[in-house]
Amino acid sequence: MQEDHVSMGWSAARKLCLSVDAARHRPARTAATGPVTDAIRDRLRETVPGPSPDRFLSPEIESAVRFVARGGVLS
């Protein structure tokens, strides 16, 4: 009746601290994305909204999978 605990919290917190520290010291990215990336994002946004508050993502993930499967990235 003893639970087996594997603590990954310390490691995750350390990685987060390193990432935040790196982001603070790195200059903001000002480079624009390429025209192909912009076109793919714009087409995907027709069916899958962009980042917003927390929500159930499963339907949006399925829409993105269908977008890729039907060749939306290639067209």
# chains A, B, ... in the order shown; residues from 1 in each chain; ligands from 1

$ select_by_dssp --residues "chain A" --states "helix (DSSP H, G or I)" --output "number ranges by chain"
A: 9-25, 35-44, 58-69

$ residues_around --residues "Arg66 of chain A" --least-positions-apart "5" --cutoff "12 Å" --atoms "only C-alpha atoms" --output "MDAnalysis selection string"
chainID A and resid 44 47:48 59:61 71:73

$ write_last_selection --atoms "N, CA and C atoms" --output "PDB file, in the first residue's frame"
ATOM      1  N   LEU A  44      -4.719  27.578 -42.550  1.00  0.00           N
ATOM      2  CA  LEU A  44      -5.091  26.798 -41.374  1.00  0.00           C
ATOM      3  C   LEU A  44      -6.035  27.589 -40.475  1.00  0.00           C
ATOM      4  N   THR A  47      -9.950  27.375 -40.515  1.00  0.00           N
ATOM      5  CA  THR A  47     -10.711  26.333 -39.811  1.00  0.00           C
ATOM      6  C   THR A  47     -10.277  26.138 -38.366  1.00  0.00           C
ATOM      7  N   VAL A  48      -9.063  26.555 -38.036  1.00  0.00           N
ATOM      8  CA  VAL A  48      -8.551  26.387 -36.670  1.00  0.00           C
ATOM      9  C   VAL A  48      -8.131  27.752 -36.147  1.00  0.00           C
ATOM     10  N   PRO A  59     -11.022  19.074 -30.752  1.00  0.00           N
ATOM     11  CA  PRO A  59     -11.612  19.341 -32.065  1.00  0.00           C
ATOM     12  C   PRO A  59     -10.690  20.132 -32.987  1.00  0.00           C
ATOM     13  N   GLU A  60      -9.941  21.062 -32.425  1.00  0.00           N
ATOM     14  CA  GLU A  60      -9.028  21.855 -33.244  1.00  0.00           C
ATOM     15  C   GLU A  60      -7.848  21.027 -33.735  1.00  0.00           C
ATOM     16  N   ILE A  61      -7.371  20.127 -32.902  1.00  0.00           N
ATOM     17  CA  ILE A  61      -6.285  19.234 -33.320  1.00  0.00           C
ATOM     18  C   ILE A  61      -6.767  18.342 -34.461  1.00  0.00           C
ATOM     19  N   GLY A  71      -4.134  17.694 -47.812  1.00  0.00           N
ATOM     20  CA  GLY A  71      -3.175  18.393 -48.660  1.00  0.00           C
ATOM     21  C   GLY A  71      -3.205  19.901 -48.517  1.00  0.00           C
ATOM     22  N   GLY A  72      -3.806  20.409 -47.449  1.00  0.00           N
ATOM     23  CA  GLY A  72      -3.895  21.852 -47.252  1.00  0.00           C
ATOM     24  C   GLY A  72      -2.537  22.528 -47.183  1.00  0.00           C
ATOM     25  N   VAL A  73      -1.542  21.825 -46.691  1.00  0.00           N
ATOM     26  CA  VAL A  73      -0.198  22.404 -46.604  1.00  0.00           C
ATOM     27  C   VAL A  73       0.432  22.517 -47.987  1.00  0.00           C
TER      28      VAL A  73
END

$ atom_distance --atom1 "atom CA of Arg45 of chain A" --atom2 "atom CA of Ser75 of chain A"
14.7 Å

$ closest_residue --among "A:Pro35, A:His25, A:Arg41, A:Ser52" --to "Val68 of chain A" --atoms "only C-alpha atoms"
A:Arg41

$ atom_distance --atom1 "atom CA of Leu18 of chain A" --atom2 "atom CA of Phe56 of chain A"
29.1 Å
